[in-house]
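The structure appears below as structure tokens.
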Amino acid sequence: MVPTDFKAVIRRFYALQTERIEAYRLFEEGHEAYLRTGPQYDFDHYRQLVHEITQAFLGISSEVLRIKEQLQGELRRPDLAEHIDALQHKEKQKLDLTAMLQMARQRAQDHPEEEGCHEKIQEIKQDIIKTQGALAEIMQDFKYDSEECD
């Protein structure tokens, strides 16, 4: 295996996290646009967006996991690989919560008379905020630990 530049690997990891943030932004914007097409809904367009976002997330995750393998193996940084494990777990939680939030928003829009919809939305939003906080902590730990050897 060709020796890998540690700093380049770390830079790529941060770039992938930036791409993931952008994918979430596009996902949210696309869902808002989808809700504006209600009550008939342009599901075909939204389904295409979901497919594209899913492909983006899969590509990002795949590359992040390759970085994790490099950190565990040739770069001998299992501590950073552990941070990536925790990050991937929290990112999956965030994606699941985001999907739940989108379904709850559509339900609230389709059934405004239904009690509890807005409370459910707020509950999911709070869970997302907690998850984002946990992600920020993991990223901070990763940053601290990766800069230790500079």
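Starting from 1 in every chain, residues are counted up; chains themselves are A, B, ... following the order of the structure tokens, and ligands are numbered from 1 as listed.
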Which residues of segment 38-70 of chain A come within 12 Å of segment 86-102 of chain A, and what is each one's closest atom pair and distance in Å (one decimal), counting only C-alpha atoms, sorted by chain and residue number, as a Markdown table?
```
| residue | atom | partner | partner_atom | distance |
| --- | --- | --- | --- | --- |
| A:Tyr46 | CA | A:Gln102 | CA | 11.7 |
| A:Val50 | CA | A:Ala99 | CA | 10.1 |
| A:Ile53 | CA | A:Leu95 | CA | 10.8 |
| A:Thr54 | CA | A:Leu95 | CA | 10.0 |
| A:Phe57 | CA | A:Leu95 | CA | 9.4 |
| A:Leu58 | CA | A:Lys92 | CA | 10.9 |
| A:Ile60 | CA | A:Gln88 | CA | 10.4 |
| A:Ser61 | CA | A:Gln88 | CA | 7.6 |
| A:Ser62 | CA | A:Gln88 | CA | 10.4 |
| A:Glu63 | CA | A:Gln88 | CA | 11.5 |
| A:Val64 | CA | A:Gln88 | CA | 8.5 |
| A:Leu65 | CA | A:Gln88 | CA | 8.6 |
| A:Lys68 | CA | A:Gln88 | CA | 10.3 |
```
List as a ChimeraX atom specification the protein and nucleic acid residues near Arg20 of chain A, meaning an atom at most 8 Å away when only C-alpha atoms are counted, but skip any in the same chain fewer than 2 places from it. /A:16-18,22-24,56-57,60
DSSP-assigned alpha helix (DSSP H) among segment 84-116 of chain A, expressed as a PDB file with all heavy atoms, in the first residue's frame:
```
ATOM      1  N   ILE A  84     -14.535   8.285  14.209  1.00  0.00           N
ATOM      2  CA  ILE A  84     -15.299   8.132  12.966  1.00  0.00           C
ATOM      3  C   ILE A  84     -16.422   7.123  13.159  1.00  0.00           C
ATOM      4  O   ILE A  84     -17.535   7.337  12.666  1.00  0.00           O
ATOM      5  CB  ILE A  84     -14.369   7.766  11.790  1.00  0.00           C
ATOM      6  CG1 ILE A  84     -13.538   8.998  11.418  1.00  0.00           C
ATOM      7  CG2 ILE A  84     -15.176   7.264  10.591  1.00  0.00           C
ATOM      8  CD1 ILE A  84     -12.539   8.791  10.307  1.00  0.00           C
ATOM      9  N   ASP A  85     -16.168   6.036  13.897  1.00  0.00           N
ATOM     10  CA  ASP A  85     -17.237   5.074  14.207  1.00  0.00           C
ATOM     11  C   ASP A  85     -18.400   5.776  14.911  1.00  0.00           C
ATOM     12  O   ASP A  85     -19.563   5.606  14.536  1.00  0.00           O
ATOM     13  CB  ASP A  85     -16.714   3.963  15.126  1.00  0.00           C
ATOM     14  CG  ASP A  85     -16.337   2.705  14.380  1.00  0.00           C
ATOM     15  OD1 ASP A  85     -16.723   2.547  13.211  1.00  0.00           O
ATOM     16  OD2 ASP A  85     -15.641   1.874  14.993  1.00  0.00           O
ATOM     17  N   ALA A  86     -18.074   6.548  15.923  1.00  0.00           N
ATOM     18  CA  ALA A  86     -19.110   7.265  16.680  1.00  0.00           C
ATOM     19  C   ALA A  86     -19.829   8.269  15.779  1.00  0.00           C
ATOM     20  O   ALA A  86     -21.060   8.401  15.842  1.00  0.00           O
ATOM     21  CB  ALA A  86     -18.482   7.980  17.877  1.00  0.00           C
ATOM     22  N   LEU A  87     -19.069   8.943  14.951  1.00  0.00           N
ATOM     23  CA  LEU A  87     -19.647   9.929  14.038  1.00  0.00           C
ATOM     24  C   LEU A  87     -20.626   9.266  13.068  1.00  0.00           C
ATOM     25  O   LEU A  87     -21.742   9.752  12.872  1.00  0.00           O
ATOM     26  CB  LEU A  87     -18.531  10.636  13.261  1.00  0.00           C
ATOM     27  CG  LEU A  87     -19.038  11.686  12.289  1.00  0.00           C
ATOM     28  CD1 LEU A  87     -19.117  13.024  12.987  1.00  0.00           C
ATOM     29  CD2 LEU A  87     -18.136  11.754  11.081  1.00  0.00           C
ATOM     30  N   GLN A  88     -20.219   8.154  12.473  1.00  0.00           N
ATOM     31  CA  GLN A  88     -21.085   7.466  11.515  1.00  0.00           C
ATOM     32  C   GLN A  88     -22.390   7.019  12.179  1.00  0.00           C
ATOM     33  O   GLN A  88     -23.464   7.120  11.587  1.00  0.00           O
ATOM     34  CB  GLN A  88     -20.358   6.258  10.907  1.00  0.00           C
ATOM     35  CG  GLN A  88     -19.260   6.629   9.929  1.00  0.00           C
ATOM     36  CD  GLN A  88     -19.793   7.251   8.659  1.00  0.00           C
ATOM     37  OE1 GLN A  88     -19.837   8.471   8.517  1.00  0.00           O
ATOM     38  NE2 GLN A  88     -20.218   6.425   7.735  1.00  0.00           N
ATOM     39  N   HIS A  89     -22.294   6.545  13.423  1.00  0.00           N
ATOM     40  CA  HIS A  89     -23.487   6.125  14.159  1.00  0.00           C
ATOM     41  C   HIS A  89     -24.433   7.323  14.365  1.00  0.00           C
ATOM     42  O   HIS A  89     -25.641   7.219  14.134  1.00  0.00           O
ATOM     43  CB  HIS A  89     -23.084   5.511  15.503  1.00  0.00           C
ATOM     44  CG  HIS A  89     -24.239   5.160  16.373  1.00  0.00           C
ATOM     45  ND1 HIS A  89     -25.063   4.086  16.118  1.00  0.00           N
ATOM     46  CD2 HIS A  89     -24.726   5.756  17.489  1.00  0.00           C
ATOM     47  CE1 HIS A  89     -26.013   4.042  17.034  1.00  0.00           C
ATOM     48  NE2 HIS A  89     -25.824   5.039  17.882  1.00  0.00           N
ATOM     49  N   LYS A  90     -23.880   8.452  14.793  1.00  0.00           N
ATOM     50  CA  LYS A  90     -24.709   9.646  15.028  1.00  0.00           C
ATOM     51  C   LYS A  90     -25.259  10.205  13.723  1.00  0.00           C
ATOM     52  O   LYS A  90     -26.382  10.720  13.680  1.00  0.00           O
ATOM     53  CB  LYS A  90     -23.911  10.729  15.769  1.00  0.00           C
ATOM     54  CG  LYS A  90     -23.714  10.437  17.234  1.00  0.00           C
ATOM     55  CD  LYS A  90     -25.042  10.414  17.961  1.00  0.00           C
ATOM     56  CE  LYS A  90     -24.880  10.045  19.408  1.00  0.00           C
ATOM     57  NZ  LYS A  90     -26.164   9.839  20.075  1.00  0.00           N
ATOM     58  N   GLU A  91     -24.480  10.118  12.646  1.00  0.00           N
ATOM     59  CA  GLU A  91     -24.971  10.596  11.348  1.00  0.00           C
ATOM     60  C   GLU A  91     -26.161   9.757  10.884  1.00  0.00           C
ATOM     61  O   GLU A  91     -27.112  10.279  10.315  1.00  0.00           O
ATOM     62  CB  GLU A  91     -23.862  10.580  10.286  1.00  0.00           C
ATOM     63  CG  GLU A  91     -22.828  11.666  10.459  1.00  0.00           C
ATOM     64  CD  GLU A  91     -23.314  13.074  10.118  1.00  0.00           C
ATOM     65  OE1 GLU A  91     -24.490  13.272   9.737  1.00  0.00           O
ATOM     66  OE2 GLU A  91     -22.492  14.001  10.250  1.00  0.00           O
ATOM     67  N   LYS A  92     -26.118   8.455  11.152  1.00  0.00           N
ATOM     68  CA  LYS A  92     -27.253   7.608  10.798  1.00  0.00           C
ATOM     69  C   LYS A  92     -28.476   8.002  11.614  1.00  0.00           C
ATOM     70  O   LYS A  92     -29.584   8.104  11.079  1.00  0.00           O
ATOM     71  CB  LYS A  92     -26.934   6.129  11.009  1.00  0.00           C
ATOM     72  CG  LYS A  92     -28.106   5.240  10.589  1.00  0.00           C
ATOM     73  CD  LYS A  92     -27.867   3.789  10.812  1.00  0.00           C
ATOM     74  CE  LYS A  92     -29.002   2.903  10.379  1.00  0.00           C
ATOM     75  NZ  LYS A  92     -30.349   3.435  10.421  1.00  0.00           N
ATOM     76  N   GLN A  93     -28.267   8.257  12.905  1.00  0.00           N
ATOM     77  CA  GLN A  93     -29.382   8.718  13.747  1.00  0.00           C
ATOM     78  C   GLN A  93     -29.968  10.013  13.197  1.00  0.00           C
ATOM     79  O   GLN A  93     -31.191  10.171  13.133  1.00  0.00           O
ATOM     80  CB  GLN A  93     -28.902   8.977  15.177  1.00  0.00           C
ATOM     81  CG  GLN A  93     -28.864   7.785  16.055  1.00  0.00           C
ATOM     82  CD  GLN A  93     -28.506   8.178  17.489  1.00  0.00           C
ATOM     83  OE1 GLN A  93     -27.786   9.147  17.732  1.00  0.00           O
ATOM     84  NE2 GLN A  93     -28.997   7.405  18.438  1.00  0.00           N
ATOM     85  N   LYS A  94     -29.096  10.943  12.827  1.00  0.00           N
ATOM     86  CA  LYS A  94     -29.554  12.232  12.311  1.00  0.00           C
ATOM     87  C   LYS A  94     -30.361  12.041  11.030  1.00  0.00           C
ATOM     88  O   LYS A  94     -31.411  12.670  10.854  1.00  0.00           O
ATOM     89  CB  LYS A  94     -28.372  13.162  12.074  1.00  0.00           C
ATOM     90  CG  LYS A  94     -28.789  14.534  11.576  1.00  0.00           C
ATOM     91  CD  LYS A  94     -27.585  15.417  11.338  1.00  0.00           C
ATOM     92  CE  LYS A  94     -28.019  16.722  10.682  1.00  0.00           C
ATOM     93  NZ  LYS A  94     -26.860  17.506  10.257  1.00  0.00           N
ATOM     94  N   LEU A  95     -29.901  11.179  10.152  1.00  0.00           N
ATOM     95  CA  LEU A  95     -30.625  10.940   8.898  1.00  0.00           C
ATOM     96  C   LEU A  95     -31.988  10.303   9.180  1.00  0.00           C
ATOM     97  O   LEU A  95     -32.999  10.709   8.592  1.00  0.00           O
ATOM     98  CB  LEU A  95     -29.790  10.066   7.964  1.00  0.00           C
ATOM     99  CG  LEU A  95     -30.351   9.870   6.561  1.00  0.00           C
ATOM    100  CD1 LEU A  95     -30.597  11.198   5.858  1.00  0.00           C
ATOM    101  CD2 LEU A  95     -29.408   8.996   5.748  1.00  0.00           C
ATOM    102  N   ASP A  96     -32.031   9.336  10.087  1.00  0.00           N
ATOM    103  CA  ASP A  96     -33.311   8.721  10.458  1.00  0.00           C
ATOM    104  C   ASP A  96     -34.265   9.760  11.041  1.00  0.00           C
ATOM    105  O   ASP A  96     -35.453   9.795  10.696  1.00  0.00           O
ATOM    106  CB  ASP A  96     -33.096   7.595  11.474  1.00  0.00           C
ATOM    107  CG  ASP A  96     -32.395   6.380  10.887  1.00  0.00           C
ATOM    108  OD1 ASP A  96     -32.311   6.252   9.643  1.00  0.00           O
ATOM    109  OD2 ASP A  96     -31.909   5.546  11.689  1.00  0.00           O
ATOM    110  N   LEU A  97     -33.759  10.613  11.919  1.00  0.00           N
ATOM    111  CA  LEU A  97     -34.593  11.663  12.516  1.00  0.00           C
ATOM    112  C   LEU A  97     -35.064  12.660  11.464  1.00  0.00           C
ATOM    113  O   LEU A  97     -36.211  13.126  11.517  1.00  0.00           O
ATOM    114  CB  LEU A  97     -33.821  12.390  13.619  1.00  0.00           C
ATOM    115  CG  LEU A  97     -33.608  11.606  14.906  1.00  0.00           C
ATOM    116  CD1 LEU A  97     -32.564  12.292  15.785  1.00  0.00           C
ATOM    117  CD2 LEU A  97     -34.929  11.436  15.656  1.00  0.00           C
ATOM    118  N   THR A  98     -34.206  12.978  10.520  1.00  0.00           N
ATOM    119  CA  THR A  98     -34.579  13.907   9.454  1.00  0.00           C
ATOM    120  C   THR A  98     -35.728  13.334   8.628  1.00  0.00           C
ATOM    121  O   THR A  98     -36.682  14.048   8.304  1.00  0.00           O
ATOM    122  CB  THR A  98     -33.356  14.220   8.557  1.00  0.00           C
ATOM    123  OG1 THR A  98     -32.342  14.827   9.367  1.00  0.00           O
ATOM    124  CG2 THR A  98     -33.720  15.157   7.421  1.00  0.00           C
ATOM    125  N   ALA A  99     -35.657  12.047   8.308  1.00  0.00           N
ATOM    126  CA  ALA A  99     -36.740  11.395   7.572  1.00  0.00           C
ATOM    127  C   ALA A  99     -38.032  11.402   8.396  1.00  0.00           C
ATOM    128  O   ALA A  99     -39.121  11.687   7.862  1.00  0.00           O
ATOM    129  CB  ALA A  99     -36.349   9.970   7.198  1.00  0.00           C
ATOM    130  N   MET A 100     -37.918  11.122   9.687  1.00  0.00           N
ATOM    131  CA  MET A 100     -39.096  11.155  10.568  1.00  0.00           C
ATOM    132  C   MET A 100     -39.700  12.558  10.604  1.00  0.00           C
ATOM    133  O   MET A 100     -40.929  12.719  10.580  1.00  0.00           O
ATOM    134  CB  MET A 100     -38.721  10.722  11.985  1.00  0.00           C
ATOM    135  CG  MET A 100     -38.433   9.251  12.132  1.00  0.00           C
ATOM    136  SD  MET A 100     -37.767   8.804  13.776  1.00  0.00           S
ATOM    137  CE  MET A 100     -38.968   9.514  14.885  1.00  0.00           C
ATOM    138  N   LEU A 101     -38.845  13.574  10.667  1.00  0.00           N
ATOM    139  CA  LEU A 101     -39.315  14.957  10.701  1.00  0.00           C
ATOM    140  C   LEU A 101     -40.057  15.302   9.413  1.00  0.00           C
ATOM    141  O   LEU A 101     -41.116  15.938   9.457  1.00  0.00           O
ATOM    142  CB  LEU A 101     -38.139  15.913  10.923  1.00  0.00           C
ATOM    143  CG  LEU A 101     -38.477  17.397  10.953  1.00  0.00           C
ATOM    144  CD1 LEU A 101     -39.456  17.708  12.095  1.00  0.00           C
ATOM    145  CD2 LEU A 101     -37.200  18.221  11.089  1.00  0.00           C
ATOM    146  N   GLN A 102     -39.522  14.874   8.301  1.00  0.00           N
ATOM    147  CA  GLN A 102     -40.184  15.169   7.028  1.00  0.00           C
ATOM    148  C   GLN A 102     -41.556  14.505   6.954  1.00  0.00           C
ATOM    149  O   GLN A 102     -42.527  15.126   6.514  1.00  0.00           O
ATOM    150  CB  GLN A 102     -39.291  14.746   5.860  1.00  0.00           C
ATOM    151  CG  GLN A 102     -38.083  15.640   5.712  1.00  0.00           C
ATOM    152  CD  GLN A 102     -37.212  15.285   4.532  1.00  0.00           C
ATOM    153  OE1 GLN A 102     -37.463  14.313   3.824  1.00  0.00           O
ATOM    154  NE2 GLN A 102     -36.170  16.073   4.323  1.00  0.00           N
ATOM    155  N   MET A 103     -41.655  13.273   7.419  1.00  0.00           N
ATOM    156  CA  MET A 103     -42.959  12.596   7.424  1.00  0.00           C
ATOM    157  C   MET A 103     -43.929  13.299   8.379  1.00  0.00           C
ATOM    158  O   MET A 103     -45.108  13.463   8.061  1.00  0.00           O
ATOM    159  CB  MET A 103     -42.794  11.127   7.797  1.00  0.00           C
ATOM    160  CG  MET A 103     -42.130  10.313   6.705  1.00  0.00           C
ATOM    161  SD  MET A 103     -42.091   8.534   7.028  1.00  0.00           S
ATOM    162  CE  MET A 103     -40.921   8.434   8.371  1.00  0.00           C
ATOM    163  N   ALA A 104     -43.443  13.722   9.527  1.00  0.00           N
ATOM    164  CA  ALA A 104     -44.291  14.406  10.507  1.00  0.00           C
ATOM    165  C   ALA A 104     -44.774  15.746   9.952  1.00  0.00           C
ATOM    166  O   ALA A 104     -45.934  16.129  10.172  1.00  0.00           O
ATOM    167  CB  ALA A 104     -43.545  14.611  11.817  1.00  0.00           C
ATOM    168  N   ARG A 105     -43.908  16.458   9.253  1.00  0.00           N
ATOM    169  CA  ARG A 105     -44.312  17.743   8.652  1.00  0.00           C
ATOM    170  C   ARG A 105     -45.392  17.535   7.599  1.00  0.00           C
ATOM    171  O   ARG A 105     -46.346  18.312   7.523  1.00  0.00           O
ATOM    172  CB  ARG A 105     -43.111  18.437   8.028  1.00  0.00           C
ATOM    173  CG  ARG A 105     -42.194  19.088   9.030  1.00  0.00           C
ATOM    174  CD  ARG A 105     -41.026  19.738   8.337  1.00  0.00           C
ATOM    175  NE  ARG A 105     -40.213  20.497   9.255  1.00  0.00           N
ATOM    176  CZ  ARG A 105     -38.949  20.830   9.031  1.00  0.00           C
ATOM    177  NH1 ARG A 105     -38.356  20.465   7.904  1.00  0.00           N
ATOM    178  NH2 ARG A 105     -38.279  21.511   9.927  1.00  0.00           N
ATOM    179  N   GLN A 106     -45.238  16.505   6.786  1.00  0.00           N
ATOM    180  CA  GLN A 106     -46.267  16.249   5.773  1.00  0.00           C
ATOM    181  C   GLN A 106     -47.575  15.850   6.439  1.00  0.00           C
ATOM    182  O   GLN A 106     -48.640  16.308   6.044  1.00  0.00           O
ATOM    183  CB  GLN A 106     -45.827  15.177   4.783  1.00  0.00           C
ATOM    184  CG  GLN A 106     -46.875  14.974   3.687  1.00  0.00           C
ATOM    185  CD  GLN A 106     -46.439  14.035   2.596  1.00  0.00           C
ATOM    186  OE1 GLN A 106     -45.267  13.692   2.478  1.00  0.00           O
ATOM    187  NE2 GLN A 106     -47.404  13.620   1.783  1.00  0.00           N
ATOM    188  N   ARG A 107     -47.488  15.025   7.467  1.00  0.00           N
ATOM    189  CA  ARG A 107     -48.708  14.615   8.174  1.00  0.00           C
ATOM    190  C   ARG A 107     -49.423  15.831   8.773  1.00  0.00           C
ATOM    191  O   ARG A 107     -50.639  15.946   8.698  1.00  0.00           O
ATOM    192  CB  ARG A 107     -48.374  13.596   9.263  1.00  0.00           C
ATOM    193  CG  ARG A 107     -49.606  13.117   9.999  1.00  0.00           C
ATOM    194  CD  ARG A 107     -49.394  11.754  10.604  1.00  0.00           C
ATOM    195  NE  ARG A 107     -50.630  11.224  11.110  1.00  0.00           N
ATOM    196  CZ  ARG A 107     -51.507  10.535  10.391  1.00  0.00           C
ATOM    197  NH1 ARG A 107     -51.277  10.262   9.139  1.00  0.00           N
ATOM    198  NH2 ARG A 107     -52.626  10.080  10.941  1.00  0.00           N
ATOM    199  N   ALA A 108     -48.650  16.730   9.374  1.00  0.00           N
ATOM    200  CA  ALA A 108     -49.239  17.937   9.959  1.00  0.00           C
ATOM    201  C   ALA A 108     -49.888  18.803   8.881  1.00  0.00           C
ATOM    202  O   ALA A 108     -50.935  19.406   9.115  1.00  0.00           O
ATOM    203  CB  ALA A 108     -48.178  18.734  10.711  1.00  0.00           C
ATOM    204  N   GLN A 109     -49.277  18.848   7.722  1.00  0.00           N
ATOM    205  CA  GLN A 109     -49.837  19.646   6.627  1.00  0.00           C
ATOM    206  C   GLN A 109     -51.104  18.997   6.074  1.00  0.00           C
ATOM    207  O   GLN A 109     -52.083  19.680   5.777  1.00  0.00           O
ATOM    208  CB  GLN A 109     -48.802  19.792   5.506  1.00  0.00           C
ATOM    209  CG  GLN A 109     -49.297  20.604   4.321  1.00  0.00           C
ATOM    210  CD  GLN A 109     -48.184  20.926   3.336  1.00  0.00           C
ATOM    211  OE1 GLN A 109     -47.158  21.451   3.749  1.00  0.00           O
ATOM    212  NE2 GLN A 109     -48.401  20.616   2.075  1.00  0.00           N
ATOM    213  N   ASP A 110     -51.095  17.674   5.949  1.00  0.00           N
ATOM    214  CA  ASP A 110     -52.237  16.955   5.385  1.00  0.00           C
ATOM    215  C   ASP A 110     -53.402  16.828   6.364  1.00  0.00           C
ATOM    216  O   ASP A 110     -54.553  16.694   5.946  1.00  0.00           O
ATOM    217  CB  ASP A 110     -51.820  15.543   4.948  1.00  0.00           C
ATOM    218  CG  ASP A 110     -50.897  15.560   3.749  1.00  0.00           C
ATOM    219  OD1 ASP A 110     -50.782  16.608   3.078  1.00  0.00           O
ATOM    220  OD2 ASP A 110     -50.260  14.510   3.489  1.00  0.00           O
TER     221      ASP A 110
END
```
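Coordinates place atom CA of Leu35 of chain A at a distance of 28.0 Å from atom CA of Leu135 of chain A.
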Skip His83 of chain A itself and residues of its chain fewer than 5 positions away, then list as a compact mmCIF listing (two decimals) with N, CA, C and O atoms, in the first residue's frame all residues within 8 Å of it, counting only C-alpha atoms.
```
# COMPACT_ATOMS: atom_id res chain seq x y z
N ILE A 138 -18.14 15.12 18.87
CA ILE A 138 -17.27 14.12 18.23
C ILE A 138 -16.28 14.81 17.30
O ILE A 138 -15.08 14.49 17.31
N MET A 139 -16.76 15.77 16.52
CA MET A 139 -15.88 16.49 15.60
C MET A 139 -14.83 17.29 16.37
O MET A 139 -13.67 17.36 15.95
N ASP A 141 -13.60 16.49 19.33
CA ASP A 141 -12.63 15.50 19.83
C ASP A 141 -11.71 15.04 18.70
O ASP A 141 -10.50 14.90 18.89
N PHE A 142 -12.29 14.82 17.53
CA PHE A 142 -11.49 14.41 16.37
C PHE A 142 -10.46 15.48 16.04
O PHE A 142 -9.29 15.18 15.83
```
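A straight line drawn from atom CA of Arg25 of chain A to atom CA of Leu49 of chain A is 12.1 Å long.
The closest residue to Gly73 of chain A, picked from A:Phe6, A:Tyr34, A:Phe13, A:Phe43 and counting only C-alpha atoms, is A:Phe6.
Between atom CA of Leu26 of chain A and atom CA of Gln48 of chain A there is a distance of 12.6 Å.
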